[in-house]
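The next block is start-v6.pdb, given as PDB, C-alpha atoms, pLDDT in the B column.
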```pdb
MODEL        1
ATOM      1  CA  MET A  17      11.390  15.200   7.837  1.00 53.00           C
ATOM      2  CA  SER A  18      10.973  12.581  10.542  1.00 70.00           C
ATOM      3  CA  THR A  19      11.019   8.996   9.321  1.00 80.00           C
ATOM      4  CA  GLN A  20       9.259   7.659  12.416  1.00 92.00           C
ATOM      5  CA  THR A  21       5.704   6.663  11.547  1.00 96.00           C
ATOM      6  CA  PRO A  22       3.441   3.838  12.713  1.00 97.00           C
ATOM      7  CA  ALA A  23       4.489   2.038   9.497  1.00 97.00           C
ATOM      8  CA  THR A  24       8.245   2.294  10.083  1.00 97.00           C
ATOM      9  CA  ARG A  25       7.792   1.392  13.753  1.00 97.00           C
ATOM     10  CA  ALA A  26       5.819  -1.721  12.698  1.00 97.00           C
ATOM     11  CA  LEU A  27       8.595  -2.703  10.259  1.00 97.00           C
ATOM     12  CA  THR A  28      11.266  -2.180  12.915  1.00 96.00           C
ATOM     13  CA  GLN A  29       9.263  -4.182  15.449  1.00 96.00           C
ATOM     14  CA  ALA A  30       8.908  -7.000  12.869  1.00 95.00           C
ATOM     15  CA  LYS A  31      12.723  -6.930  12.485  1.00 96.00           C
ATOM     16  CA  VAL A  32      12.385  -6.209   8.760  1.00 95.00           C
ATOM     17  CA  ALA A  33      15.231  -4.552   6.861  1.00 97.00           C
ATOM     18  CA  PHE A  34      14.040  -1.480   4.953  1.00 97.00           C
ATOM     19  CA  ARG A  35      15.347   1.834   3.730  1.00 96.00           C
ATOM     20  CA  VAL A  36      13.486   5.117   3.650  1.00 96.00           C
ATOM     21  CA  MET A  37      13.102   7.083   0.416  1.00 96.00           C
ATOM     22  CA  GLU A  38      11.762  10.625   0.740  1.00 94.00           C
ATOM     23  CA  TYR A  39      10.441  12.932  -1.979  1.00 93.00           C
ATOM     24  CA  ASP A  40       8.494  16.167  -2.359  1.00 90.00           C
ATOM     25  CA  TYR A  41       4.836  15.184  -2.223  1.00 89.00           C
ATOM     26  CA  VAL A  42       2.583  17.248  -4.467  1.00 81.00           C
ATOM     27  CA  SER A  43      -1.044  17.278  -3.288  1.00 78.00           C
ATOM     28  CA  GLY A  44      -4.014  17.126  -5.641  1.00 71.00           C
ATOM     29  CA  GLN A  45      -2.484  14.610  -8.041  1.00 69.00           C
ATOM     30  CA  ASP A  46      -4.576  11.853  -9.578  1.00 70.00           C
ATOM     31  CA  LYS A  47      -1.784   9.314  -9.929  1.00 80.00           C
ATOM     32  CA  ILE A  48       0.010   9.553  -6.587  1.00 81.00           C
ATOM     33  CA  GLY A  49       1.839   6.244  -7.054  1.00 84.00           C
ATOM     34  CA  LEU A  50       3.192   7.209 -10.476  1.00 86.00           C
ATOM     35  CA  HIS A  51       4.314  10.577  -9.125  1.00 84.00           C
ATOM     36  CA  ALA A  52       6.093   8.811  -6.240  1.00 90.00           C
ATOM     37  CA  ALA A  53       7.807   6.377  -8.632  1.00 90.00           C
ATOM     38  CA  GLU A  54       9.098   9.225 -10.759  1.00 89.00           C
ATOM     39  CA  ALA A  55      10.163  11.251  -7.720  1.00 89.00           C
ATOM     40  CA  VAL A  56      12.230   8.414  -6.201  1.00 91.00           C
ATOM     41  CA  GLY A  57      13.530   7.237  -9.586  1.00 91.00           C
ATOM     42  CA  ALA A  58      11.996   3.761  -9.399  1.00 91.00           C
ATOM     43  CA  ASP A  59      10.184   1.606 -11.936  1.00 93.00           C
ATOM     44  CA  PRO A  60       6.406   2.168 -11.489  1.00 93.00           C
ATOM     45  CA  GLY A  61       5.931  -1.623 -11.593  1.00 93.00           C
ATOM     46  CA  ARG A  62       7.843  -2.064  -8.347  1.00 95.00           C
ATOM     47  CA  VAL A  63       6.431   1.012  -6.596  1.00 96.00           C
ATOM     48  CA  LEU A  64       3.301  -0.348  -4.957  1.00 96.00           C
ATOM     49  CA  LYS A  65       0.234   1.671  -4.022  1.00 95.00           C
ATOM     50  CA  THR A  66      -1.927   0.852  -1.019  1.00 96.00           C
ATOM     51  CA  LEU A  67      -5.661   0.897  -1.728  1.00 96.00           C
ATOM     52  CA  MET A  68      -8.303   0.485   0.929  1.00 98.00           C
ATOM     53  CA  VAL A  69     -11.344  -1.465  -0.231  1.00 98.00           C
ATOM     54  CA  GLU A  70     -14.539  -2.933   1.159  1.00 98.00           C
ATOM     55  CA  VAL A  71     -15.413  -6.525   0.353  1.00 98.00           C
ATOM     56  CA  ASP A  72     -19.013  -7.365   1.122  1.00 98.00           C
ATOM     57  CA  GLY A  73     -18.962  -4.296   3.390  1.00 97.00           C
ATOM     58  CA  LYS A  74     -15.825  -5.380   5.318  1.00 98.00           C
ATOM     59  CA  PRO A  75     -12.546  -3.431   5.144  1.00 98.00           C
ATOM     60  CA  ALA A  76      -9.475  -4.827   3.413  1.00 98.00           C
ATOM     61  CA  CYS A  77      -6.211  -3.565   1.949  1.00 98.00           C
ATOM     62  CA  ALA A  78      -5.003  -4.211  -1.618  1.00 98.00           C
ATOM     63  CA  VAL A  79      -1.398  -3.471  -2.611  1.00 98.00           C
ATOM     64  CA  ILE A  80      -0.700  -3.250  -6.337  1.00 97.00           C
ATOM     65  CA  PRO A  81       1.864  -1.724  -8.735  1.00 96.00           C
ATOM     66  CA  SER A  82       1.381   2.012  -9.214  1.00 95.00           C
ATOM     67  CA  ASP A  83       1.008   1.567 -12.972  1.00 94.00           C
ATOM     68  CA  ARG A  84      -1.824  -0.977 -12.745  1.00 95.00           C
ATOM     69  CA  SER A  85      -5.551  -0.914 -11.886  1.00 95.00           C
ATOM     70  CA  LEU A  86      -7.563  -3.085  -9.528  1.00 96.00           C
ATOM     71  CA  SER A  87     -10.048  -5.644 -10.758  1.00 97.00           C
ATOM     72  CA  MET A  88     -12.847  -5.438  -8.211  1.00 97.00           C
ATOM     73  CA  LYS A  89     -13.939  -8.946  -9.159  1.00 97.00           C
ATOM     74  CA  ARG A  90     -10.448 -10.286  -8.388  1.00 97.00           C
ATOM     75  CA  VAL A  91     -10.294  -8.285  -5.153  1.00 98.00           C
ATOM     76  CA  ALA A  92     -13.596  -9.788  -3.999  1.00 98.00           C
ATOM     77  CA  THR A  93     -12.331 -13.281  -4.841  1.00 97.00           C
ATOM     78  CA  ALA A  94      -9.012 -12.699  -3.055  1.00 97.00           C
ATOM     79  CA  PHE A  95     -10.815 -11.799   0.163  1.00 98.00           C
ATOM     80  CA  GLY A  96     -13.474 -14.511  -0.141  1.00 97.00           C
ATOM     81  CA  GLY A  97     -16.321 -12.167  -0.997  1.00 97.00           C
ATOM     82  CA  LYS A  98     -18.850 -11.528  -3.734  1.00 97.00           C
ATOM     83  CA  SER A  99     -18.346  -7.803  -4.397  1.00 97.00           C
ATOM     84  CA  ALA A 100     -15.729  -5.135  -3.740  1.00 98.00           C
ATOM     85  CA  THR A 101     -15.705  -1.345  -3.843  1.00 98.00           C
ATOM     86  CA  MET A 102     -13.145   1.339  -3.111  1.00 97.00           C
ATOM     87  CA  MET A 103     -13.358   2.641   0.439  1.00 98.00           C
ATOM     88  CA  PRO A 104     -14.206   6.357   0.690  1.00 97.00           C
ATOM     89  CA  PRO A 105     -11.025   8.362   1.497  1.00 95.00           C
ATOM     90  CA  ASP A 106     -12.329   9.760   4.795  1.00 97.00           C
ATOM     91  CA  LYS A 107     -13.238   6.277   6.004  1.00 97.00           C
ATOM     92  CA  ALA A 108      -9.826   4.933   4.906  1.00 97.00           C
ATOM     93  CA  GLU A 109      -8.103   7.682   6.885  1.00 97.00           C
ATOM     94  CA  ARG A 110     -10.111   6.974  10.042  1.00 97.00           C
ATOM     95  CA  LEU A 111      -9.558   3.218   9.767  1.00 97.00           C
ATOM     96  CA  THR A 112      -5.827   3.288   9.020  1.00 98.00           C
ATOM     97  CA  GLY A 113      -4.718   6.360  10.934  1.00 97.00           C
ATOM     98  CA  PHE A 114      -2.914   7.600   7.806  1.00 97.00           C
ATOM     99  CA  HIS A 115      -3.777  10.413   5.386  1.00 94.00           C
ATOM    100  CA  THR A 116      -4.622   9.520   1.776  1.00 92.00           C
ATOM    101  CA  GLY A 117      -1.420   9.696  -0.220  1.00 92.00           C
ATOM    102  CA  GLY A 118       0.353   8.289   2.831  1.00 94.00           C
ATOM    103  CA  ILE A 119      -1.538   5.068   3.549  1.00 96.00           C
ATOM    104  CA  SER A 120       0.723   2.102   4.223  1.00 98.00           C
ATOM    105  CA  PRO A 121      -0.138  -1.578   4.688  1.00 98.00           C
ATOM    106  CA  PHE A 122       2.161  -1.547   7.741  1.00 98.00           C
ATOM    107  CA  GLY A 123       1.166  -0.188  11.139  1.00 97.00           C
ATOM    108  CA  GLN A 124      -2.451   0.615  10.377  1.00 97.00           C
ATOM    109  CA  LYS A 125      -4.539   1.713  13.358  1.00 96.00           C
ATOM    110  CA  ARG A 126      -6.940  -1.185  12.771  1.00 94.00           C
ATOM    111  CA  ARG A 127      -5.494  -4.364  11.304  1.00 93.00           C
ATOM    112  CA  VAL A 128      -7.396  -5.594   8.238  1.00 97.00           C
ATOM    113  CA  PRO A 129      -6.746  -8.424   5.755  1.00 98.00           C
ATOM    114  CA  VAL A 130      -4.054  -7.511   3.204  1.00 98.00           C
ATOM    115  CA  ALA A 131      -3.479  -8.867  -0.312  1.00 98.00           C
ATOM    116  CA  PHE A 132      -0.600  -8.060  -2.664  1.00 98.00           C
ATOM    117  CA  GLU A 133      -0.712  -8.355  -6.447  1.00 97.00           C
ATOM    118  CA  ALA A 134       1.182 -11.622  -6.937  1.00 97.00           C
ATOM    119  CA  SER A 135       2.982 -10.531 -10.109  1.00 95.00           C
ATOM    120  CA  ALA A 136       4.523  -7.563  -8.264  1.00 95.00           C
ATOM    121  CA  LEU A 137       6.376  -9.807  -5.844  1.00 96.00           C
ATOM    122  CA  THR A 138       8.827 -11.295  -8.357  1.00 95.00           C
ATOM    123  CA  VAL A 139      11.392  -8.482  -8.028  1.00 95.00           C
ATOM    124  CA  PRO A 140      14.181  -8.312  -5.431  1.00 96.00           C
ATOM    125  CA  GLU A 141      12.828  -5.110  -3.871  1.00 97.00           C
ATOM    126  CA  VAL A 142       9.502  -3.251  -3.767  1.00 98.00           C
ATOM    127  CA  VAL A 143       8.797   0.334  -2.729  1.00 97.00           C
ATOM    128  CA  ILE A 144       5.692   1.009  -0.613  1.00 97.00           C
ATOM    129  CA  ASN A 145       4.353   4.022   1.251  1.00 96.00           C
ATOM    130  CA  GLY A 146       6.052   4.451   4.612  1.00 96.00           C
ATOM    131  CA  GLY A 147       3.086   5.950   6.425  1.00 96.00           C
ATOM    132  CA  LYS A 148       3.113   9.585   5.385  1.00 95.00           C
ATOM    133  CA  ARG A 149       2.981  11.671   2.270  1.00 94.00           C
ATOM    134  CA  GLY A 150       6.392  11.986   0.664  1.00 94.00           C
ATOM    135  CA  MET A 151       7.941   8.945   2.306  1.00 96.00           C
ATOM    136  CA  MET A 152       8.369   5.466   0.869  1.00 96.00           C
ATOM    137  CA  VAL A 153      10.111   2.367   2.196  1.00 97.00           C
ATOM    138  CA  ALA A 154      12.063  -0.096   0.060  1.00 97.00           C
ATOM    139  CA  LEU A 155      12.142  -3.709   1.194  1.00 98.00           C
ATOM    140  CA  ALA A 156      12.132  -7.310   0.009  1.00 98.00           C
ATOM    141  CA  PRO A 157       8.704  -8.581  -1.131  1.00 98.00           C
ATOM    142  CA  ALA A 158       8.822 -11.494   1.337  1.00 97.00           C
ATOM    143  CA  ASP A 159       9.424  -9.026   4.175  1.00 97.00           C
ATOM    144  CA  ALA A 160       6.510  -6.852   2.991  1.00 98.00           C
ATOM    145  CA  LEU A 161       4.228  -9.891   3.087  1.00 97.00           C
ATOM    146  CA  ALA A 162       5.452 -10.976   6.525  1.00 96.00           C
ATOM    147  CA  ALA A 163       5.238  -7.511   8.091  1.00 97.00           C
ATOM    148  CA  SER A 164       1.732  -6.845   6.759  1.00 97.00           C
ATOM    149  CA  GLY A 165       0.343 -10.344   7.262  1.00 96.00           C
ATOM    150  CA  GLY A 166      -0.518 -10.201   3.568  1.00 96.00           C
ATOM    151  CA  ALA A 167      -0.830 -12.876   0.953  1.00 96.00           C
ATOM    152  CA  PRO A 168      -0.195 -12.861  -2.822  1.00 97.00           C
ATOM    153  CA  HIS A 169      -3.249 -12.887  -5.110  1.00 97.00           C
ATOM    154  CA  PRO A 170      -4.051 -11.794  -8.664  1.00 96.00           C
ATOM    155  CA  LEU A 171      -5.685  -8.406  -8.020  1.00 97.00           C
ATOM    156  CA  CYS A 172      -5.091  -6.362 -11.152  1.00 94.00           C
ATOM    157  CA  ALA A 173      -7.180  -5.936 -14.264  1.00 90.00           C
ATOM    158  CA  ASP A 174      -5.568  -7.526 -17.310  1.00 79.00           C
TER     159      ASP A 174
ENDMDL
END
```
Mind converting the file's structure to structure tokens?
Amino acid sequence: MSTQTPATRALTQAKVAFRVMEYDYVSGQDKIGLHAAEAVGADPGRVLKTLMVEVDGKPACAVIPSDRSLSMKRVATAFGGKSATMMPPDKAERLTGFHTGGISPFGQKRRVPVAFEASALTVPEVVINGGKRGMMVALAPADALAASGGAPHPLCAD
């Protein structure tokens, strides 16, 4: 499996240290992030899922632990809006250039604002999709923020 994706190229270009973790992706799963965490042997709290949202009709990217759920109210607040909804999968694929189950906050076709769940950034290393199904990248939270242009915010439901 090739580890060259727009996401890994963006990380390399940003001079960010990361390591690739590959696993057998199983399509049709509801909890892709939890499956990925189990497959790579990582704590679901440090395996982050990338969710594409729309805030007041504008695209944005929310990155949260795979074992947590978004609070749409908090997402709207994080991006300075009044309301937020999940972006339809086909629209997310067109916007990012990635397939669902492989969407990464790094190297998206169209750059959008990115927010990370603040509580997820307190560990030495996070694991995030590397730009294709079955491939994750492990890196320092500060590097993930820098490479994505993201900022920490409370995004998850309590």
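Once the PyMOL selection byres ((chain A and resi 97-100) around 10) is applied to the shown structure, the selection contains Val69, Glu70, Val71, Asp72, Gly73, Lys74, Pro75, Ala76, Ser87, Met88, Lys89, Arg90, Val91, Ala92, Thr93, Ala94, Phe95, Gly96, Thr101, Met102 and Met103 of chain A.
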Centre and edges of the region 87-93 of chain A box, axis-aligned, 5 Å extra per side, as JSON:
```
{"center_x": -12.0, "center_y": -9.4, "center_z": -7.4, "size_x": 13.9, "size_y": 17.8, "size_z": 16.8}
```
Would you mind listing, for every residue of region 38-111 of chain A within 10 Å of region 135-141 of chain A, the two atoms forming the shortest contact and the distance between them in Å to one decimal, using only C-alpha atoms, sorted by chain and ascending residue number, as JSON lines?
```
{"residue": "A:Gly61", "atom": "CA", "partner": "A:Ala136", "partner_atom": "CA", "distance": 7.0}
{"residue": "A:Arg62", "atom": "CA", "partner": "A:Ala136", "partner_atom": "CA", "distance": 6.4}
{"residue": "A:Val63", "atom": "CA", "partner": "A:Ala136", "partner_atom": "CA", "distance": 8.9}
{"residue": "A:Leu64", "atom": "CA", "partner": "A:Ala136", "partner_atom": "CA", "distance": 8.0}
{"residue": "A:Val79", "atom": "CA", "partner": "A:Ala136", "partner_atom": "CA", "distance": 9.2}
{"residue": "A:Ile80", "atom": "CA", "partner": "A:Ala136", "partner_atom": "CA", "distance": 7.0}
{"residue": "A:Pro81", "atom": "CA", "partner": "A:Ala136", "partner_atom": "CA", "distance": 6.4}
```
Selection to disk with C-alpha atoms, as a tab-separated table (two decimals), in the frame of the given file:
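So result_35.tsv came out as:
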```tsv
chain	number	residue	atom	x	y	z
A	61	GLY	CA	5.93	-1.62	-11.59
A	62	ARG	CA	7.84	-2.06	-8.35
A	63	VAL	CA	6.43	1.01	-6.60
A	64	LEU	CA	3.30	-0.35	-4.96
A	79	VAL	CA	-1.40	-3.47	-2.61
A	80	ILE	CA	-0.70	-3.25	-6.34
A	81	PRO	CA	1.86	-1.72	-8.74
```
How would you write as a ChimeraX atom specification the residues that get within 9 Å of (-9.6, -5.7, -16.8) in the file's frame, counting all atoms listed in the file?
-> /A:85-87,172-174
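Environment of (6.6, 16.4, -1.7): residues at most 12 Å away, judged by only C-alpha atoms, are Met17, Met37, Glu38, Tyr39, Asp40, Tyr41, Val42, Ser43, Gly44, Gln45, Ile48, His51, Ala52, Glu54, Ala55, Val56, Gly117, Gly118, Lys148, Arg149, Gly150, Met151 and Met152 of chain A.
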How about saving the chosen residues, C-alpha atoms kept, as a PDB file, keeping the file's coordinate frame?
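As a result, again18.pdb now contains:
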```
ATOM      1  CA  MET A  17      11.390  15.200   7.837  1.00 53.00           C
ATOM      2  CA  MET A  37      13.102   7.083   0.416  1.00 96.00           C
ATOM      3  CA  GLU A  38      11.762  10.625   0.740  1.00 94.00           C
ATOM      4  CA  TYR A  39      10.441  12.932  -1.979  1.00 93.00           C
ATOM      5  CA  ASP A  40       8.494  16.167  -2.359  1.00 90.00           C
ATOM      6  CA  TYR A  41       4.836  15.184  -2.223  1.00 89.00           C
ATOM      7  CA  VAL A  42       2.583  17.248  -4.467  1.00 81.00           C
ATOM      8  CA  SER A  43      -1.044  17.278  -3.288  1.00 78.00           C
ATOM      9  CA  GLY A  44      -4.014  17.126  -5.641  1.00 71.00           C
ATOM     10  CA  GLN A  45      -2.484  14.610  -8.041  1.00 69.00           C
ATOM     11  CA  ILE A  48       0.010   9.553  -6.587  1.00 81.00           C
ATOM     12  CA  HIS A  51       4.314  10.577  -9.125  1.00 84.00           C
ATOM     13  CA  ALA A  52       6.093   8.811  -6.240  1.00 90.00           C
ATOM     14  CA  GLU A  54       9.098   9.225 -10.759  1.00 89.00           C
ATOM     15  CA  ALA A  55      10.163  11.251  -7.720  1.00 89.00           C
ATOM     16  CA  VAL A  56      12.230   8.414  -6.201  1.00 91.00           C
ATOM     17  CA  GLY A 117      -1.420   9.696  -0.220  1.00 92.00           C
ATOM     18  CA  GLY A 118       0.353   8.289   2.831  1.00 94.00           C
ATOM     19  CA  LYS A 148       3.113   9.585   5.385  1.00 95.00           C
ATOM     20  CA  ARG A 149       2.981  11.671   2.270  1.00 94.00           C
ATOM     21  CA  GLY A 150       6.392  11.986   0.664  1.00 94.00           C
ATOM     22  CA  MET A 151       7.941   8.945   2.306  1.00 96.00           C
ATOM     23  CA  MET A 152       8.369   5.466   0.869  1.00 96.00           C
TER      24      MET A 152
END
```
